[in-house]
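Trainee: Below are the structure tokens for one structure; questions will follow.
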Amino acid sequence: MKKNILLIAGPVLAFTAVSCSLEENTEPVVDSVVPMEFTADATATRTAITDGKAVIWSEDDAISVFDGAGNHKFTAGTAGSATTKFSGEAESGKETYYALYPYSVDASLAGTTIHSVLPANQYSTADGTFDTMLAPAVAKAEENGNLTFVNVAGLVKFTFTGAGDRAVKSISMTADQSLTGSYSVDMSGEEFSAVATASASAGETPAVSGITLTAKEGNLAAGPYYLVALPGTYSNVKISVVLSDGAKLNGSVGTLYIMAGKIKPTTIDLTEVQPTLYDKFMAGEDIVIAGKTYNKSQFEADEIKNVTNTNSSIYDGSKLLGNGKIIFVNIENQEKPLSIGNAADIVVIGVNPAQKVKVIRTASNLNVTDTTDHSRLVLHNLEIDMPNSTVNTIGFIANSSFGELTFSNCDIKMRDQALIQINTEGTTIDELNIVDCNIDIPSGSSNRYILTTGTNPYEMSSVNITNSVLHCDNGVAATFRLINGNSSSSQLTVNEFNFQNNTLVNLAYTNTTAVIVKKIDNVTVTKNLVYFNQSIDEYNSGSLYPNLLRPIDNGGVYPQTANADDNVSYQLSTDTHQRTFKVFSKDKFDLVNGEVINVFKKLTVDPFEGGDLSTFTPAPAYAEYGAQR
């Protein structure tokens with residue numbers, strides 16, 4: 001039958017041609033069935049789902065005819081017509097014939113009860129309604145009588161608003177009872193309705209089946225959309241809608257009453273339904289983190305994880321590369337943090353920017369022994385805590401030559417000591433990125449380092465710290481450094497250093513310098529804001545000049561290429577010693593490329609007057625400086 005039709009009263013199937021009885025003879029009877037035809041007329045009693053659509057039969061339509069001896073398939077003859085003939089073979093001379101639409105090879109008749117199955121996986125078609133051979137209808141008649149089909153299932157109609165140009169990919173509905181599956185229809189009376197039946201073996205609880213509506217190809221066509229369900233009262237009804245951009249709506253309806261031959265209309269607004277990062281990723285969209293693109297095609301299916309609870313830690317125990325895990329974390333109503341363990345090659349993504357997932361560092365090693373490929377730990381959109389420990393207060397430790405360590409859009413709570421450490425001979429972190437992060441640094445005179453190194457030779461390809469806030473909210477972090485190296489013996493080489501649009505709040509540079517290295521090149525330092533609303537007189541004498549970058553005294557090499565321009569600083573006017581902040585400790589040095597405006601411009605007006613220090617958003621006049629929130 002045409003998929004856009006709900007059979008309420010049903011067409012009349014005229015039993016117009018019954019073959020003559022078999023002639024009596026002495027030959028063995030090989031087959032007692034004879035050709036028959038049922039004429040189906042789409043009368044005015046049929047009800048179209050969508051106004052204006054013709055009521056026609058489809059070429060794919062077929063019915064089961066039960067003659068008491070078997071289930072016989074009768075198929076439609078003429079497609080696209082309001083009247084067609086269903087042709088097949090059945091035994092003649094029966095008192096009553098029973099019919100079921102759609103035909104199913106597994107359908108059966110026991111006495112006067114029809115048994116069949118309503119599929120859980122249903123398909124929408126090009127005109128947006130339900131598929132052919134889906135909505136069940138039954139009929140019975142005496143020989144030479146009429147077959148009038150009656151719909152024995154109900155429909156749930158979905159109309160969506162606010163989807164914009166997004167298509168609907170799938171619709172699912174579940175309940176505590178089976179919406180689909182095995183059913184029976186008692187044909188002994190005059191009114192018919194399907195009844196769900198248990199199909200599990202003795203002693204077992206039947207599986208509860210829901211409904212999922214998809215398109216045979218691509219996304220669903222424009223709605224409305226119809227799910228065919230067995231009649232009944234359903235509790236704990238839940239609906240899930242997936243859109244073409246990966247967005248998901250998961251909602252609860254509560255109790256739903258579905259009647260045979262009736263349509264239950266439901267309207268849902270999708271305006272506020274937006275995809276999570278996991279949804280986008282699984283839909284094939286690119287995810288960009290710290291300037292790098294991640295796509296589903298880059299990972300094996302079993303290496304894509306979706307974590308929804310805190311029962312296990314996130315880690316990669318492998319010491320060999322190639323597994324490339326990407327782990328999405330989506331935990332609602334989180335009560336305890338998720339732990340992050342050792343890492344070789346993993347990308348960890350919190351899916352909801354509005355509510356960062358809380359994680360805690362429990363095992364900090366960046367461990368990999370095979371360095372021929374790229375090892376990495378990428379942490380995006382997380383709230384990271386570095387707990388104090390009597391054994392080790394350092395956050396992440398490189399035990400070998402590690403490829404990439406990236407923090408992106410993370411809130412990080414530091415404790416004593418360092419966030420990152422590389423101090424063993426033969427180890428390094430090739431690439432360090434801190435992008436769009438807020439780093440909470442405790443006050444006091446203990447060491448507060450983002451990265452600390454020892455006296456062994458190390459080389460880093462790049463250090464990129466951009467659009468981040470590094471802040472001490474209660475007092476001053478008096479011994480802070482971005483990169484800690486001994487001023488006379490550091491052996492760290494940084495090939496590219498990018499420090500742009502950062503806000504540093506109440507951080508006093510240890511030994512007047514925030515970065516101490518052996519050699520640094522390709523330097524960009526622009527649009528940064530150094531800010532104090534706490535006095536730093538007690539931490540630095542007036543003769544000291546705080547510097548951002550400083551190659552060591554013993555043979556340190558200044559950059560060949562640099563761009564340092566338009567950085568600002570603010571200090572309390574009540575401080576006796578007004579510090580002059582600089583990019584480099586040396587005012588003049590030979591550059592091959594670029595230019596240096598070495599001194600940070602002093603602001604005489606608090607840049608956060610008229611702004612919001614709680615979100616690190618300066619007043620409009622200074623909005624181009626620091627990390628914008």
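We name chains A, B, ... following the order of the structure tokens; residues begin at 1 in each chain, and ligands are numbered from 1 as shown.
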I need the strand (DSSP E) residues of stretch 385-538 of chain A per DSSP on the backbone, written as a VMD selection string.

Mentor: chain A and resid 385 396 to 398 401 to 408 411 to 413 417 to 422 428 to 435 438 to 440 448 to 453 458 to 460 462 to 466 469 to 471 477 to 484 492 to 494 497 to 500 503 to 505 507 to 509 513 to 517 519 to 520 523 to 526 529 to 531

Trainee: Find the residues near A:Asn563: any atom within 8 Å, counting only C-alpha atoms, skip ones fewer than 2 places away on the same chain, and give them as a CSV table (one decimal) with N, CA and C atoms, in the first residue's frame.

Mentor:
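Writing the result to part.csv gives the following:
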chain,number,residue,atom,x,y,z
A,523,VAL,N,61.1,34.3,17.7
A,523,VAL,CA,60.4,34.8,18.9
A,523,VAL,C,59.3,35.7,18.4
A,524,THR,N,58.0,35.5,18.9
A,524,THR,CA,56.9,36.4,18.8
A,524,THR,C,56.3,36.7,20.1
A,525,VAL,N,56.4,38.0,20.5
A,525,VAL,CA,55.8,38.4,21.8
A,525,VAL,C,55.0,39.7,21.6
A,526,THR,N,53.7,39.5,21.5
A,526,THR,CA,52.8,40.7,21.2
A,526,THR,C,51.5,40.6,22.0
A,561,THR,N,65.6,35.9,14.8
A,561,THR,CA,64.3,36.4,14.2
A,561,THR,C,63.4,36.7,15.4
A,565,ASP,N,56.3,43.4,20.1
A,565,ASP,CA,55.6,44.7,19.9
A,565,ASP,C,54.3,44.8,20.7
A,594,GLY,N,63.1,40.9,11.6
A,594,GLY,CA,62.1,41.4,12.6
A,594,GLY,C,62.6,42.7,13.3
A,595,GLU,N,61.8,43.0,14.3
A,595,GLU,CA,62.1,44.2,15.1
A,595,GLU,C,61.6,44.0,16.5
A,596,VAL,N,62.2,44.7,17.4
A,596,VAL,CA,61.9,44.6,18.8
A,596,VAL,C,61.5,45.9,19.5

Trainee: Which of these residues is nearest to A:Thr96, using only C-alpha atoms: A:Ser585, A:Thr112, A:Asn399, A:Thr503?

Mentor: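 Result for the nearest residue to A:Thr96: A:Thr112.
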
Trainee: Please determine, counting only C-alpha atoms, which residue among A:Val329, A:Leu243, A:Ala354, A:Ala290 has the shortest atom-to-atom distance to A:Leu432.

Mentor: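 Between A:Val329, A:Leu243, A:Ala354, A:Ala290, the residue approaching A:Leu432 most closely is A:Ala290.
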
Trainee: Which of these, A:Gly395, A:Glu425, A:Asp245, A:Met386, has the shortest distance to A:Asn342 once you count only C-alpha atoms?

Mentor: A:Gly395

Trainee: Considering only C-alpha atoms, return as an MDAnalysis selection string whatever protein or nucleic-acid residues lie within 8 Å of A:Leu504, sequence-local ones (same chain, fewer than 2 positions apart) excluded.

Mentor: chainID A and resid 469:471 502 506:507 529:531

Trainee: Could the residues in this selection be saved with N, CA and C atoms as a PDB file, in the first residue's frame?

Mentor:
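Now in again_39.pdb:
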ATOM      1  N   VAL A 469      45.295  32.859  30.378  1.00  0.00           N
ATOM      2  CA  VAL A 469      45.396  33.650  31.607  1.00  0.00           C
ATOM      3  C   VAL A 469      46.144  32.826  32.634  1.00  0.00           C
ATOM      4  N   LEU A 470      47.253  33.356  33.119  1.00  0.00           N
ATOM      5  CA  LEU A 470      48.015  32.735  34.200  1.00  0.00           C
ATOM      6  C   LEU A 470      47.893  33.664  35.394  1.00  0.00           C
ATOM      7  N   HIS A 471      47.242  33.226  36.446  1.00  0.00           N
ATOM      8  CA  HIS A 471      46.838  34.166  37.478  1.00  0.00           C
ATOM      9  C   HIS A 471      47.020  33.610  38.884  1.00  0.00           C
ATOM     10  N   ASN A 502      48.351  37.045  26.058  1.00  0.00           N
ATOM     11  CA  ASN A 502      48.239  36.403  27.365  1.00  0.00           C
ATOM     12  C   ASN A 502      48.088  37.453  28.457  1.00  0.00           C
ATOM     13  N   ASN A 506      49.581  38.996  38.907  1.00  0.00           N
ATOM     14  CA  ASN A 506      50.245  38.824  40.212  1.00  0.00           C
ATOM     15  C   ASN A 506      51.281  37.702  40.190  1.00  0.00           C
ATOM     16  N   LEU A 507      52.088  37.680  39.153  1.00  0.00           N
ATOM     17  CA  LEU A 507      53.161  36.695  39.020  1.00  0.00           C
ATOM     18  C   LEU A 507      54.488  37.429  38.993  1.00  0.00           C
ATOM     19  N   LEU A 529      49.511  41.302  28.467  1.00  0.00           N
ATOM     20  CA  LEU A 529      49.202  42.210  29.567  1.00  0.00           C
ATOM     21  C   LEU A 529      49.751  41.612  30.864  1.00  0.00           C
ATOM     22  N   VAL A 530      50.713  42.320  31.467  1.00  0.00           N
ATOM     23  CA  VAL A 530      51.215  41.955  32.797  1.00  0.00           C
ATOM     24  C   VAL A 530      50.514  42.856  33.800  1.00  0.00           C
ATOM     25  N   TYR A 531      49.885  42.258  34.806  1.00  0.00           N
ATOM     26  CA  TYR A 531      48.983  43.017  35.676  1.00  0.00           C
ATOM     27  C   TYR A 531      49.224  42.654  37.143  1.00  0.00           C
TER      28      TYR A 531
END

Trainee: What's the 10 Å shell around A:Ala623, counting only C-alpha atoms, without same-chain residues fewer than 4 positions away, as an NGL selection string?

Mentor: :A and (527 or 607-608 or 611 or 617-619 or 627-629)

Trainee: Given the selection you just returned, output its residues as a file containing N, CA and C atoms, formatted as a short mmCIF file (atom, residue, chain, number, x, y, z; two decimals), in the first residue's frame.

Mentor:
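After the write, again09.cif holds the following:
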data_model
loop_
_atom_site.label_atom_id
_atom_site.label_comp_id
_atom_site.auth_asym_id
_atom_site.auth_seq_id
_atom_site.Cartn_x
_atom_site.Cartn_y
_atom_site.Cartn_z
N LYS A 527 50.99 41.82 22.28
CA LYS A 527 49.65 42.01 22.85
C LYS A 527 49.46 41.33 24.21
N PRO A 607 43.57 48.67 33.89
CA PRO A 607 42.86 48.24 32.69
C PRO A 607 41.57 47.47 32.98
N PHE A 608 41.40 47.06 34.22
CA PHE A 608 40.18 46.32 34.56
C PHE A 608 39.12 47.20 35.22
N GLY A 611 36.10 47.00 33.41
CA GLY A 611 36.11 45.64 32.87
C GLY A 611 35.67 44.67 33.94
N THR A 617 38.42 40.13 31.63
CA THR A 617 38.02 40.94 30.49
C THR A 617 38.32 42.40 30.80
N PRO A 618 39.32 43.00 30.13
CA PRO A 618 39.67 44.39 30.44
C PRO A 618 38.61 45.36 29.92
N ALA A 619 38.76 46.60 30.31
CA ALA A 619 37.87 47.66 29.82
C ALA A 619 38.02 47.77 28.30
N ALA A 627 44.35 37.91 27.20
CA ALA A 627 43.43 36.85 26.78
C ALA A 627 42.00 37.35 26.87
N GLN A 628 41.29 37.30 25.81
CA GLN A 628 39.92 37.80 25.78
C GLN A 628 38.95 36.69 26.20
N ARG A 629 38.10 37.02 27.14
CA ARG A 629 37.14 36.02 27.61
C ARG A 629 35.72 36.54 27.39
#

Trainee: At what distance in Å, to one decimal, does atom CA of A:Asn522 lie from atom CA of A:Ile465?

Mentor: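 Answer for the atom CA of A:Ile465 to atom CA of A:Asn522 separation: 13.9 Å.
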
Trainee: Which of stretch 229-407 of chain A end up as helix (DSSP H, G or I) when DSSP is run on this backbone - answer as a PyMOL selection string?

Mentor: chain A and resi 277-282+296-298+301-303

Trainee: Can you tell me how far atom CA of A:Lys413 sits from atom CA of A:Ala514, in Å to one decimal?

Mentor: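 Straight-line distance from atom CA of A:Lys413 to atom CA of A:Ala514 works out to 19.3 Å.
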
Trainee: Can you tell me how far atom CA of A:Asn547 sits from atom CA of A:Ser487, in Å to one decimal?

Mentor: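 Here the two named atoms are 12.9 Å from each other.
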
Trainee: From the list A:Val568, A:Val242, A:Val359, A:Ile439, which residue is nearest A:Arg166 when using only C-alpha atoms?

Mentor: A:Val242

Trainee: What lies within 8 Å of A:Phe328 using only C-alpha atoms, ignoring chain neighbours under 4 positions off, as a ChimeraX atom specification?

Mentor: /A:278,304-307,348-351

Trainee: Pick out the residues sitting within 10 Å of A:Lys582, and hand them over as a list in words; count only C-alpha atoms, and ignore anything fewer than 2 positions along from it in its own chain.

Mentor: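 Here the qualifying residues turn out to be Thr513, Tyr545, Pro546, Asn547, Leu548, Leu549, Ala564, Asn567, Val568, Ser569, Arg579, Thr580, Phe584, Ser585, Lys586, Asp587, Ile597, Asn598, Val599, Phe600 and Lys601 of chain A.
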